[in-house]
There are 2 protein chains.
Amino acid sequence: MNSAIIVAAGRSQRMGTNTDKAFLNLGPKPVVAWSLLAFEECHEIDRIILVVRKDQALAAKTLSQMFGISKLQTVVAGGANRQDSVLNGIKELDPETRYVSIHDGARPCVRPELIEATLRCAKRNGTGIAASRVWDTVKYVERGTTVDHTVDRSKLWTVQTPQTFNLTLLTKAYADVKKKKASVTDDASAVELLGESVRLVEWMHPNIKITTADDLPLAMAALNIS
Amino acid sequence: MNSAIIVAAGRSQRMGTNTDKAFLNLGPKPVVAWSLLAFEECHEIDRIILVVRKDQALAAKTLSQMFGISKLQTVVAGGANRQDSVLNGIKELDPETRYVSIHDGARPCVRPELIEATLRCAKRNGTGIAASRVWDTVKYVERGTTVDHTVDRSKLWTVQTPQTFNLTLLTKAYADVKKKKASVTDDASAVELLGESVRLVEWMHPNIKITTADDLPLAMAALNIS
């Protein structure tokens with residue numbers, strides 16, 4: 001069994017709202033509904049766990065019903081930060097789960113093909129992480145706005161979600177994170193911390209994260225909503 | 001006097017065309033016309049030099065006339081790579097030029113305020129480079145698609161254009177690049193190579209580079225073209 005955990009439990013401070021940006025409207029549907037539908041349409045995914053802020057749980061259930069998300073297993077309350085929210089999702093996974101795909105609810109442009117590609121990679125290598133090469137020139141800045149040096153961009157990739165894992169590996173990785181009292185900015189970092197290999201899946205299409213109001217029209221364009 | 005050099009002399013291999021992407025249509029105007037108009041509207045800029053492939057020179061002149069670019073000083077033929085194209089532009093600068101703003105013709109979302117901000121910074125510090133913080137998690141990958149480690153993204157910025165310079169400094173920097181037979185991916189790198197300080201100007205709005213066909217609808221959304 002393959003499960004997905006969609007995390008939409010933030011506070012969107014940069015958006016200037018108190019609710020997670022995943023609940024804002026993006027064309028005809030809320031941001032998070034686009035992701036829910038992509039996982040619903042992906043044949044390889046059996047169950048979906050949705051992590052939201054406690055006060056959004058009812059709204060999240062209603063929304064999932066409205067958009068016919070038949071794979072929704074449960075809606076879980078998020079934790080104090082993203083990492084805790086993911087862990088709350090992992091706790092609810094069906095014991096039959098072998099692979100888990102973790103996805104940011106604020107990335108509505110995810111497509112079933114991308115989910116499948118990360119899953120295929122995870123089955124072969126333990127991990128499959130949506131990623132893109134960096135094309136802009138990158139500068140290393142120790143402090144302020146004065147450049148220290150230019151970084152060799154040919155060695156840099158940015159990672160997004162979905163990030164898909166062999167569940168045994170991910171559970172072990174997060175136990176290690178807890179033991180080391182570390183904090184990670186993405187789930188793949190937990191596996192790196194364990195010293196295990198992390199494999200990227202190149203994705204050439206926009207996989208925009210809704211962070212500021214400027215991102216909404218870009219995501220609409222990427223989703224072909226006019 | 002402050003001049004601009006707009007570079008649109010590439011081959012757009014990733015776009016699958018043989019012409020520079022700057023000449024593709026973006027809504028009602030070609031990509032490069034958006035940049036030309038932003039520099040035309042920017043009160044601080046006195047002259048514009050446009051660098052294009054030799055066989056596009058006539059098209060570029062016609063286009064500039066069509067969109068009323070009164071500041072256009074000349075259209076120059078590009079070189080074998082971006083660096084040479086910029087140098088061809090520098091050679092044509094009016095001898096009165098004290099500050100020069102170099103801009104990629106494939107970045108149509110540039111706004112007069114951004115040009116002014118980089119110019120203001122260059123007047124104070126010698127350089128003013130359009131830049132954004134990196135929000136996605138960044139992985140260092142030595143080869144293939146296996147992650148080596150996660151890079152501390154809080155120290156990383158991506159740079160775009162316009163990149164604005166004190167002309168004396170930039171000329172000295174490019175002479176040094178030539179002497180060292182170095183190649184640089186952006187103009188700021190030439191100044192870094194010289195050991196001089198480079199200052200970034202944070203820009204929070206989209207400053208998309210047209211690289212693949214996917215980028216056209218994103219740029220249209222950012223430019224508010226429906």
# chains A, B, ... in the order shown; residues from 1 in each chain; ligands from 1
>>> residues_around(residues="Glu92 in chain B", least_positions_apart="6", cutoff="9 Å", atoms="only C-alpha atoms", output="ChimeraX atom specification")
/B:49,73-74,76
>>> select_by_dssp(residues="range 69-158 of chain A", states="strand (DSSP E)", output="MDAnalysis selection string")
chainID A and resid 72:77 99:104 127:133 137:140 149:151 156:158
>>> interface_residues(of="chain B", to="chain A", cutoff="8 Å", atoms="only C-alpha atoms", output="NGL selection string")
:B and (136-143 or 145-147 or 149-150 or 155-160 or 185-186 or 189 or 192 or 197-201 or 205-206 or 214 or 217-222 or 226)
>>> atom_distance(atom1="CA of Tyr174 in chain B", atom2="CA of Arg53 in chain B")
21.2 Å
>>> closest_residue(among="A:Asp20, A:Arg111, A:Gly78, A:Leu194", to="Lys91 in chain A", atoms="only C-alpha atoms")
A:Gly78
>>> select_by_dssp(residues="range 71-216 of chain A", states="alpha helix (DSSP H)", output="ChimeraX atom specification")
/A:82-91,112-125,167-179,187-193,215-216
>>> residues_around(residues="His43 in chain A", least_positions_apart="6", cutoff="12 Å", atoms="only C-alpha atoms", output="list in words")
Met1, Asn2, Ser3, Leu37, Lys71, Arg111, Pro112, Glu113, Ile115, Glu116 and Leu119 of chain A
>>> write_last_selection(atoms="C-alpha atoms", output="compact mmCIF listing (two decimals), in the first residue's frame")
# COMPACT_ATOMS: atom_id res chain seq x y z
CA MET A 1 0.00 0.00 0.00
CA ASN A 2 1.16 3.51 -0.87
CA SER A 3 -0.05 6.49 1.12
CA LEU A 37 -7.22 15.85 -6.76
CA LYS A 71 -8.98 8.12 -0.87
CA ARG A 111 0.63 16.25 -11.32
CA PRO A 112 -0.13 12.52 -11.08
CA GLU A 113 2.91 11.82 -13.35
CA ILE A 115 3.80 11.58 -7.93
CA GLU A 116 4.27 8.35 -9.91
CA LEU A 119 7.18 6.65 -6.20
